[in-house]
Number of protein chains: 2
Amino acid sequence: MRAGPSPEEVRRHNLGTLLRYVHVHGATSRAELTNRLGLNRSTIGALTAELTTAGLVHEQAPGETGRAGRPSLVVRPESSMVYAYGISIEVDRLRVARVGLGGHIQDRRETDRPRGMQVVDAVQPLATFIRDMRKDAPDAARCIGGGLAVAGMVRRDDGVVRLAPTIGWVDEPVGEALTAELSQQMGTDVGRLTVGNVADVSAMVEHSRGAAVGCDNVIYLYGDVGVGGGIVTGGRRVSGHGGYGGEVGHMVVNPQGRPCSCGSRGCWETEVGENALLRLAGREDRTGREAVLDVVEAAMRGDRTAQHAVRQVGDWLGFGVGNLVNIFNPETVIFGGTLRDIYLVAAAQIRSRLNSVALPACREHIRLRTPELGSDAALIGAAELAFEHLLEDPLC
Amino acid sequence: MRAGPSPEEVRRHNLGTLLRYVHVHGATSRAELTNRLGLNRSTIGALTAELTTAGLVHEQAPGETGRAGRPSLVVRPESSMVYAYGISIEVDRLRVARVGLGGHIQDRRETDRPRGMQVVDAVQPLATFIRDMRKDAPDAARCIGGGLAVAGMVRRDDGVVRLAPTIGWVDEPVGEALTAELSQQMGTDVGRLTVGNVADVSAMVEHSRGAAVGCDNVIYLYGDVGVGGGIVTGGRRVSGHGGYGGEVGHMVVNPQGRPCSCGSRGCWETEVGENALLRLAGREDRTGREAVLDVVEAAMRGDRTAQHAVRQVGDWLGFGVGNLVNIFNPETVIFGGTLRDIYLVAAAQIRSRLNSVALPACREHIRLRTPELGSDAALIGAAELAFEHLLEDPLC
């Protein structure tokens, strides 16, 4: 229970609210800001002036409107001059992007991650990417920090990766390792580095800018070898006590099922992850997104074994989503990563099984979607971890 | 995105915050309120004066403190003069309480509900209870409304009970029916009547006043024939798009399991609800909490069949809780209703199965608990639905 804010707290809150608005929605006229934020014109003018002085936004006259009267100035985020690094460590790749305020990717680098690669070997190319991108950034540009998304369970307090079964890491202080590597390569770091889970950050970006805009109750699923979940209820992320909420891939759906990399048995990801699909399709010798896409394409071409594999995985996918729908009563479910590929060929199967498991009231307004931002969501979402500090207090 | 509040909004917010504090924590000195709410003494004095004028609190000198100086006045909620009705419709009983501001039950009534009883027959005794309790309330006391908790899925927008499989109701406007019955019996109603789910309201009360005080991530489970869930993440209730979130009893845990009253198969409640226990114990001819308690007592006395039944149910209980722990990473899980009885004799079984299903990081700080407020939570929680409107804006 907190008392209401002081006038000074209100002013800082309003600065953050205005900056957040143009960060998410892009260039916005003063008139529209007045409207959307419920503040009067002079307050919007004063807030904009402060943010302009801080180098976070600039104002421009809009193009000709054809209407009489002086047109309202347009407020734009300083996308090329203020940026954060978005870094993503996934099962099969390492990626970094320089993301401008406003959420647009300005520059990006990517390399394969061989399975089994350890932390010490992963941070080296990531740091090199960052070093190179900094050289290419405008001289006067300001880096406000970085965000690192990992396909694993991240402790909120200190960013340690507690367990990333599909990557093979346990209790790894990845953020610290990357910061140390940056110091060595660049003689400096990028400022504060915040670590999060890749499905969580992707969910938040699809919620603010993508397939779930305007939806306060969202389940975002990301599949590769495992299945990660990012869940939004009442407009806020389900984070849990230590930051580990959303581990839907380890919801046991088949008590008689196969052993899982987590040590349990019959977890959802043993039925809908990459290994399940490739095993059912008789392609156990292969791994990775390409192998999954090959099975999906074979199914579309009429290959019976591939069709059976896709249907079987689609059935378990609908089953698990049905359980989550009963628990969360979401408006939108988004299928990302390999689950997107499976959804595109097995939508009917998924929907049918979902309907048999989920209660009618819980599923009646549900929309099944693919991501709008694709795999960029992980990079933009990682950068959002850094932007969040700025938006909380723009003049900090 | 909302701009910060105006000074008038801050004042009303602060009035609500102060009233909420004494509503939840009871009599509190001005000095402590100053401390807890982060407001200065004169502001606390002004807010208290306004709430006193509105008849919501009163101030008293505290008892002797033995310390020098003038002791700080104590602010108390007007528990006997401001009240709400808390009404609960459960599988086997109908209950009503008159709950004073501050959350204390002042008066209560209860009657059995024969299984199969329809809405028209249920609202009649409930309205009579309310009529009688109003007669017994102090003449000058102010009723601020009522809350109705139902063991079923309640649409948030209009309070219609969409589906209550264990009660046997579908699409029933129970709130309207009770309001109409009250008008007929009393020639008036009790003011605004807000309808909610019994597990949801119980969860919120255990969170604010009971076994989960100070925990922001809580799973409350209530068992009878079915299993209801009330879930708190980040301090807020998981409500979902239409208000149906938390239907954990219909998470399918056993795809090869028994048909469920919802039309699906192998739902959690088919393995841990009353029917499962009584079937396993060879007592299918009986129903209700007493029958469950008889099995639990027989197990404690060494009855092999009863012990097997309790172990089996405990195993499935731990299994489902493990799934929820992976999804929510809660601090506290509370076992209410018949699940409390089972927890008390099968805690080891539950914990063991939970540990095999839940990821170590997700379960490492978890506490398993029984409710502190017992079955009063449903009544106080129902009344809180009415108090919530008052606390949002005490001078409305």
# chains A, B, ... in the order shown; residues from 1 in each chain; ligands from 1

call {"tool": "select_by_dssp", "arguments": {"residues": "region 178-332 of chain A", "states": "strand (DSSP E)", "output": "ChimeraX atom specification"}}
result
/A:193-197,218-223,227-233,236-237,332

call {"tool": "write_last_selection", "arguments": {"atoms": "N, CA and C atoms", "output": "short mmCIF file (atom, residue, chain, number, x, y, z; two decimals), in the first residue's frame"}}
result
data_model
loop_
_atom_site.label_atom_id
_atom_site.label_comp_id
_atom_site.auth_asym_id
_atom_site.auth_seq_id
_atom_site.Cartn_x
_atom_site.Cartn_y
_atom_site.Cartn_z
N LEU A 193 23.87 -4.11 -17.88
CA LEU A 193 23.43 -5.23 -18.72
C LEU A 193 22.39 -6.03 -17.94
N THR A 194 21.18 -6.09 -18.46
CA THR A 194 20.09 -6.79 -17.78
C THR A 194 19.80 -8.09 -18.49
N VAL A 195 19.64 -9.16 -17.72
CA VAL A 195 19.46 -10.49 -18.32
C VAL A 195 18.01 -10.95 -18.14
N GLY A 196 17.46 -11.56 -19.17
CA GLY A 196 16.09 -12.07 -19.09
C GLY A 196 15.93 -13.35 -19.90
N ASN A 197 14.73 -13.88 -19.89
CA ASN A 197 14.42 -15.10 -20.63
C ASN A 197 13.90 -14.72 -22.02
N VAL A 218 -2.17 -12.74 -22.55
CA VAL A 218 -1.47 -13.30 -23.71
C VAL A 218 -0.59 -14.47 -23.28
N ILE A 219 -0.58 -15.51 -24.09
CA ILE A 219 0.39 -16.60 -23.91
C ILE A 219 1.26 -16.65 -25.17
N TYR A 220 2.55 -16.43 -25.00
CA TYR A 220 3.51 -16.50 -26.11
C TYR A 220 4.32 -17.77 -25.91
N LEU A 221 4.35 -18.61 -26.94
CA LEU A 221 5.10 -19.87 -26.87
C LEU A 221 6.23 -19.84 -27.87
N TYR A 222 7.40 -20.22 -27.42
CA TYR A 222 8.55 -20.27 -28.32
C TYR A 222 9.12 -21.68 -28.32
N GLY A 223 9.15 -22.31 -29.50
CA GLY A 223 9.64 -23.67 -29.59
C GLY A 223 10.98 -23.78 -30.30
N VAL A 227 10.44 -25.81 -25.13
CA VAL A 227 9.33 -24.87 -25.31
C VAL A 227 9.38 -23.86 -24.17
N GLY A 228 9.55 -22.59 -24.52
CA GLY A 228 9.52 -21.53 -23.52
C GLY A 228 8.20 -20.79 -23.58
N GLY A 229 7.82 -20.22 -22.47
CA GLY A 229 6.57 -19.47 -22.43
C GLY A 229 6.78 -18.10 -21.83
N GLY A 230 6.16 -17.11 -22.44
CA GLY A 230 6.09 -15.77 -21.86
C GLY A 230 4.62 -15.46 -21.69
N ILE A 231 4.22 -15.16 -20.46
CA ILE A 231 2.80 -15.03 -20.19
C ILE A 231 2.49 -13.64 -19.64
N VAL A 232 1.44 -13.04 -20.18
CA VAL A 232 0.99 -11.73 -19.72
C VAL A 232 -0.43 -11.90 -19.17
N THR A 233 -0.65 -11.49 -17.92
CA THR A 233 -2.02 -11.48 -17.38
C THR A 233 -2.30 -10.09 -16.84
N ARG A 236 0.39 -7.48 -17.35
CA ARG A 236 1.72 -7.61 -16.75
C ARG A 236 2.26 -9.02 -16.89
N ARG A 237 3.58 -9.11 -16.96
CA ARG A 237 4.23 -10.39 -17.18
C ARG A 237 4.14 -11.26 -15.93
N THR A 332 -5.19 -14.08 -26.50
CA THR A 332 -4.32 -14.37 -27.63
C THR A 332 -3.27 -15.40 -27.24
#

call {"tool": "residues_around", "arguments": {"residues": "Glu274 (chain B)", "least_positions_apart": "2", "cutoff": "7 Å", "atoms": "only C-alpha atoms", "output": "PyMOL selection string"}}
result
chain B and resi 224-225+272+276-278+292

call {"tool": "residues_around", "arguments": {"residues": "Ser352 (chain A)", "least_positions_apart": "5", "cutoff": "9 Å", "atoms": "only C-alpha atoms", "output": "VMD selection string"}}
result
chain A and resid 315 318 347 357

call {"tool": "write_last_selection", "arguments": {"atoms": "C-alpha atoms", "output": "compact mmCIF listing (two decimals), in the first residue's frame"}}
result
# COMPACT_ATOMS: atom_id res chain seq x y z
CA ASP A 315 -2.41 -32.74 -31.22
CA GLY A 318 -3.45 -28.21 -28.79
CA ALA A 347 -3.84 -25.30 -37.16
CA VAL A 357 -9.60 -29.68 -23.51

call {"tool": "residues_around", "arguments": {"residues": "region 282-291 of chain A", "least_positions_apart": "2", "cutoff": "10 Å", "atoms": "only C-alpha atoms", "output": "list in words"}}
result
Val91, Asp92, Arg115, Gly223, Asp224, Val225, Glu274, Asn275, Ala276, Leu277, Leu278, Arg279, Leu280, Leu293, Asp294, Val295, Val296, Glu297, Thr305, Ala306, Ala309, Gly337, Thr338 and Asp341 of chain A

call {"tool": "residues_around", "arguments": {"residues": "Ala177 (chain B)", "least_positions_apart": "4", "cutoff": "7 Å", "atoms": "only C-alpha atoms", "output": "VMD selection string"}}
result
chain B and resid 123 173 181

call {"tool": "write_last_selection", "arguments": {"atoms": "N, CA and C atoms", "output": "PDB file, in the first residue's frame"}}
result
ATOM      1  N   VAL B 123     -31.732 -18.974  -3.701  1.00  0.00           N
ATOM      2  CA  VAL B 123     -31.755 -17.556  -3.320  1.00  0.00           C
ATOM      3  C   VAL B 123     -32.778 -17.284  -2.217  1.00  0.00           C
ATOM      4  N   PRO B 173     -27.942 -16.043 -14.040  1.00  0.00           N
ATOM      5  CA  PRO B 173     -27.720 -14.705 -13.460  1.00  0.00           C
ATOM      6  C   PRO B 173     -28.082 -14.711 -11.969  1.00  0.00           C
ATOM      7  N   GLU B 181     -35.097 -11.536  -5.254  1.00  0.00           N
ATOM      8  CA  GLU B 181     -35.666 -12.202  -4.069  1.00  0.00           C
ATOM      9  C   GLU B 181     -35.597 -11.279  -2.844  1.00  0.00           C
TER      10      GLU B 181
END

call {"tool": "select_by_dssp", "arguments": {"residues": "region 204-302 of chain A", "states": "alpha helix (DSSP H)", "output": "NGL selection string"}}
result
:A and (204-209 or 268-272 or 274-280 or 289-301)

call {"tool": "closest_residue", "arguments": {"among": "B:Cys215, B:Met204, B:Leu126, B:Ile167", "to": "chain A", "atoms": "only C-alpha atoms"}}
result
B:Cys215

call {"tool": "closest_residue", "arguments": {"among": "B:Glu32, B:Glu269, B:Glu172, B:Asp216", "to": "chain A", "atoms": "only C-alpha atoms"}}
result
B:Asp216

call {"tool": "closest_residue", "arguments": {"among": "A:Arg36, A:Leu19, A:Thr128, A:Gly234", "to": "Val75 (chain A)", "atoms": "only C-alpha atoms"}}
result
A:Leu19

call {"tool": "decode", "arguments": {"residues": "region 35-170 of chain B", "atoms": "C-alpha atoms", "output": "PDB file, in the first residue's frame"}}
result
ATOM      1  CA  ASN B  35       5.483   5.710   8.670  1.00  0.00           C
ATOM      2  CA  ARG B  36       3.779   3.053   6.580  1.00  0.00           C
ATOM      3  CA  LEU B  37       2.137   5.315   4.033  1.00  0.00           C
ATOM      4  CA  GLY B  38       5.062   7.710   3.640  1.00  0.00           C
ATOM      5  CA  LEU B  39       2.865  10.770   4.257  1.00  0.00           C
ATOM      6  CA  ASN B  40       3.528  13.553   6.745  1.00  0.00           C
ATOM      7  CA  ARG B  41       1.641  13.956  10.030  1.00  0.00           C
ATOM      8  CA  SER B  42      -0.571  16.800   8.948  1.00  0.00           C
ATOM      9  CA  THR B  43      -1.691  14.929   5.832  1.00  0.00           C
ATOM     10  CA  ILE B  44      -2.518  11.852   7.904  1.00  0.00           C
ATOM     11  CA  GLY B  45      -4.474  14.086  10.282  1.00  0.00           C
ATOM     12  CA  ALA B  46      -6.464  15.683   7.457  1.00  0.00           C
ATOM     13  CA  LEU B  47      -7.232  12.339   5.797  1.00  0.00           C
ATOM     14  CA  THR B  48      -8.307  10.808   9.108  1.00  0.00           C
ATOM     15  CA  ALA B  49     -10.584  13.783   9.786  1.00  0.00           C
ATOM     16  CA  GLU B  50     -12.283  13.331   6.404  1.00  0.00           C
ATOM     17  CA  LEU B  51     -12.771   9.599   6.935  1.00  0.00           C
ATOM     18  CA  THR B  52     -14.116  10.259  10.442  1.00  0.00           C
ATOM     19  CA  THR B  53     -16.641  12.748   9.092  1.00  0.00           C
ATOM     20  CA  ALA B  54     -17.704  10.145   6.545  1.00  0.00           C
ATOM     21  CA  GLY B  55     -18.308   7.686   9.394  1.00  0.00           C
ATOM     22  CA  LEU B  56     -15.702   5.203   8.179  1.00  0.00           C
ATOM     23  CA  VAL B  57     -13.134   5.420  10.999  1.00  0.00           C
ATOM     24  CA  HIS B  58     -12.901   6.828  14.498  1.00  0.00           C
ATOM     25  CA  GLU B  59      -9.975   7.874  16.641  1.00  0.00           C
ATOM     26  CA  GLN B  60      -9.184   6.889  20.181  1.00  0.00           C
ATOM     27  CA  ALA B  61      -6.445   7.583  22.661  1.00  0.00           C
ATOM     28  CA  PRO B  62      -4.364   4.434  23.010  1.00  0.00           C
ATOM     29  CA  GLY B  63      -3.862   2.680  26.356  1.00  0.00           C
ATOM     30  CA  GLU B  64      -1.048   3.824  28.637  1.00  0.00           C
ATOM     31  CA  THR B  65       2.250   3.415  26.846  1.00  0.00           C
ATOM     32  CA  GLY B  66       4.488   4.213  29.816  1.00  0.00           C
ATOM     33  CA  ARG B  67       6.470   6.541  27.580  1.00  0.00           C
ATOM     34  CA  ALA B  68       6.743  10.260  28.054  1.00  0.00           C
ATOM     35  CA  GLY B  69       5.022  12.671  25.643  1.00  0.00           C
ATOM     36  CA  ARG B  70       1.568  12.705  24.172  1.00  0.00           C
ATOM     37  CA  PRO B  71       0.799   9.286  22.658  1.00  0.00           C
ATOM     38  CA  SER B  72      -0.276   9.082  19.013  1.00  0.00           C
ATOM     39  CA  LEU B  73      -4.025   8.678  18.437  1.00  0.00           C
ATOM     40  CA  VAL B  74      -5.156   5.292  17.162  1.00  0.00           C
ATOM     41  CA  VAL B  75      -7.300   5.096  14.000  1.00  0.00           C
ATOM     42  CA  ARG B  76      -9.876   2.293  13.950  1.00  0.00           C
ATOM     43  CA  PRO B  77     -12.249   1.174  11.200  1.00  0.00           C
ATOM     44  CA  GLU B  78     -15.946   1.562  12.082  1.00  0.00           C
ATOM     45  CA  SER B  79     -16.392  -2.215  12.161  1.00  0.00           C
ATOM     46  CA  SER B  80     -19.776  -2.332  13.804  1.00  0.00           C
ATOM     47  CA  MET B  81     -21.290   0.601  11.915  1.00  0.00           C
ATOM     48  CA  VAL B  82     -20.141  -0.089   8.348  1.00  0.00           C
ATOM     49  CA  TYR B  83     -20.603  -3.537   6.907  1.00  0.00           C
ATOM     50  CA  ALA B  84     -21.082  -5.672   3.804  1.00  0.00           C
ATOM     51  CA  TYR B  85     -22.751  -9.007   3.278  1.00  0.00           C
ATOM     52  CA  GLY B  86     -20.518 -11.890   2.276  1.00  0.00           C
ATOM     53  CA  ILE B  87     -22.525 -14.644   0.610  1.00  0.00           C
ATOM     54  CA  SER B  88     -21.181 -18.023  -0.457  1.00  0.00           C
ATOM     55  CA  ILE B  89     -22.832 -20.668  -2.635  1.00  0.00           C
ATOM     56  CA  GLU B  90     -20.911 -23.931  -2.349  1.00  0.00           C
ATOM     57  CA  VAL B  91     -21.569 -27.507  -3.389  1.00  0.00           C
ATOM     58  CA  ASP B  92     -23.048 -28.557  -0.056  1.00  0.00           C
ATOM     59  CA  ARG B  93     -24.026 -25.360   1.707  1.00  0.00           C
ATOM     60  CA  LEU B  94     -25.306 -21.823   1.479  1.00  0.00           C
ATOM     61  CA  ARG B  95     -23.777 -19.240   3.791  1.00  0.00           C
ATOM     62  CA  VAL B  96     -24.134 -15.547   4.557  1.00  0.00           C
ATOM     63  CA  ALA B  97     -22.156 -13.345   6.923  1.00  0.00           C
ATOM     64  CA  ARG B  98     -22.447  -9.723   7.923  1.00  0.00           C
ATOM     65  CA  VAL B  99     -18.824  -8.584   7.738  1.00  0.00           C
ATOM     66  CA  GLY B 100     -17.775  -5.304   9.352  1.00  0.00           C
ATOM     67  CA  LEU B 101     -15.299  -2.886   7.818  1.00  0.00           C
ATOM     68  CA  GLY B 102     -12.004  -4.335   8.983  1.00  0.00           C
ATOM     69  CA  GLY B 103     -12.973  -7.813   7.834  1.00  0.00           C
ATOM     70  CA  HIS B 104     -14.497  -9.203  11.029  1.00  0.00           C
ATOM     71  CA  ILE B 105     -17.569 -11.392  10.843  1.00  0.00           C
ATOM     72  CA  GLN B 106     -20.326  -9.849  12.990  1.00  0.00           C
ATOM     73  CA  ASP B 107     -23.074 -12.340  12.324  1.00  0.00           C
ATOM     74  CA  ARG B 108     -23.507 -15.468  10.214  1.00  0.00           C
ATOM     75  CA  ARG B 109     -26.078 -17.949   8.964  1.00  0.00           C
ATOM     76  CA  GLU B 110     -25.713 -21.264   7.157  1.00  0.00           C
ATOM     77  CA  THR B 111     -27.866 -24.031   5.731  1.00  0.00           C
ATOM     78  CA  ASP B 112     -27.278 -27.215   3.776  1.00  0.00           C
ATOM     79  CA  ARG B 113     -27.566 -27.152   0.030  1.00  0.00           C
ATOM     80  CA  PRO B 114     -28.896 -30.452  -1.270  1.00  0.00           C
ATOM     81  CA  ARG B 115     -27.025 -31.410  -4.443  1.00  0.00           C
ATOM     82  CA  GLY B 116     -29.065 -30.491  -7.474  1.00  0.00           C
ATOM     83  CA  MET B 117     -30.687 -27.458  -5.817  1.00  0.00           C
ATOM     84  CA  GLN B 118     -31.541 -24.867  -8.451  1.00  0.00           C
ATOM     85  CA  VAL B 119     -30.966 -21.116  -8.325  1.00  0.00           C
ATOM     86  CA  VAL B 120     -34.577 -20.261  -7.608  1.00  0.00           C
ATOM     87  CA  ASP B 121     -34.488 -22.453  -4.495  1.00  0.00           C
ATOM     88  CA  ALA B 122     -31.059 -21.287  -3.345  1.00  0.00           C
ATOM     89  CA  VAL B 123     -31.755 -17.556  -3.320  1.00  0.00           C
ATOM     90  CA  GLN B 124     -34.800 -17.917  -1.074  1.00  0.00           C
ATOM     91  CA  PRO B 125     -32.963 -18.977   2.128  1.00  0.00           C
ATOM     92  CA  LEU B 126     -30.070 -16.612   1.342  1.00  0.00           C
ATOM     93  CA  ALA B 127     -32.450 -13.638   1.154  1.00  0.00           C
ATOM     94  CA  THR B 128     -34.129 -14.719   4.388  1.00  0.00           C
ATOM     95  CA  PHE B 129     -30.738 -14.875   6.137  1.00  0.00           C
ATOM     96  CA  ILE B 130     -29.938 -11.363   4.942  1.00  0.00           C
ATOM     97  CA  ARG B 131     -33.328 -10.037   6.020  1.00  0.00           C
ATOM     98  CA  ASP B 132     -32.885 -11.505   9.504  1.00  0.00           C
ATOM     99  CA  MET B 133     -29.314 -10.242   9.856  1.00  0.00           C
ATOM    100  CA  ARG B 134     -30.313  -6.754   8.851  1.00  0.00           C
ATOM    101  CA  LYS B 135     -32.892  -6.735  11.630  1.00  0.00           C
ATOM    102  CA  ASP B 136     -30.181  -7.691  14.114  1.00  0.00           C
ATOM    103  CA  ALA B 137     -27.717  -5.032  12.899  1.00  0.00           C
ATOM    104  CA  PRO B 138     -27.453  -1.715  14.784  1.00  0.00           C
ATOM    105  CA  ASP B 139     -30.139   0.712  13.594  1.00  0.00           C
ATOM    106  CA  ALA B 140     -27.692   3.349  12.433  1.00  0.00           C
ATOM    107  CA  ALA B 141     -25.295   0.918  10.760  1.00  0.00           C
ATOM    108  CA  ARG B 142     -24.595   1.436   7.070  1.00  0.00           C
ATOM    109  CA  CYS B 143     -24.631  -1.444   4.570  1.00  0.00           C
ATOM    110  CA  ILE B 144     -22.285  -0.735   1.707  1.00  0.00           C
ATOM    111  CA  GLY B 145     -23.371  -3.678  -0.465  1.00  0.00           C
ATOM    112  CA  GLY B 146     -22.784  -7.360  -0.829  1.00  0.00           C
ATOM    113  CA  GLY B 147     -20.495  -9.847  -2.480  1.00  0.00           C
ATOM    114  CA  LEU B 148     -21.542 -13.270  -3.694  1.00  0.00           C
ATOM    115  CA  ALA B 149     -18.973 -16.046  -4.128  1.00  0.00           C
ATOM    116  CA  VAL B 150     -20.009 -19.038  -6.224  1.00  0.00           C
ATOM    117  CA  ALA B 151     -18.174 -22.302  -6.831  1.00  0.00           C
ATOM    118  CA  GLY B 152     -18.279 -21.734 -10.580  1.00  0.00           C
ATOM    119  CA  MET B 153     -17.049 -19.648 -13.485  1.00  0.00           C
ATOM    120  CA  VAL B 154     -18.298 -16.081 -13.190  1.00  0.00           C
ATOM    121  CA  ARG B 155     -18.326 -13.602 -16.080  1.00  0.00           C
ATOM    122  CA  ARG B 156     -16.620 -10.462 -14.844  1.00  0.00           C
ATOM    123  CA  ASP B 157     -18.733  -8.040 -16.849  1.00  0.00           C
ATOM    124  CA  ASP B 158     -22.135  -8.929 -15.452  1.00  0.00           C
ATOM    125  CA  GLY B 159     -21.625 -11.576 -12.770  1.00  0.00           C
ATOM    126  CA  VAL B 160     -23.461 -14.310 -14.655  1.00  0.00           C
ATOM    127  CA  VAL B 161     -22.409 -17.817 -13.573  1.00  0.00           C
ATOM    128  CA  ARG B 162     -21.415 -19.320 -16.910  1.00  0.00           C
ATOM    129  CA  LEU B 163     -20.677 -22.826 -15.723  1.00  0.00           C
ATOM    130  CA  ALA B 164     -20.661 -24.414 -12.290  1.00  0.00           C
ATOM    131  CA  PRO B 165     -20.362 -28.112 -13.129  1.00  0.00           C
ATOM    132  CA  THR B 166     -20.203 -29.327  -9.540  1.00  0.00           C
ATOM    133  CA  ILE B 167     -23.272 -27.280  -8.583  1.00  0.00           C
ATOM    134  CA  GLY B 168     -25.011 -28.054 -11.851  1.00  0.00           C
ATOM    135  CA  TRP B 169     -25.675 -24.503 -13.036  1.00  0.00           C
ATOM    136  CA  VAL B 170     -25.191 -23.117 -16.549  1.00  0.00           C
TER     137      VAL B 170
END
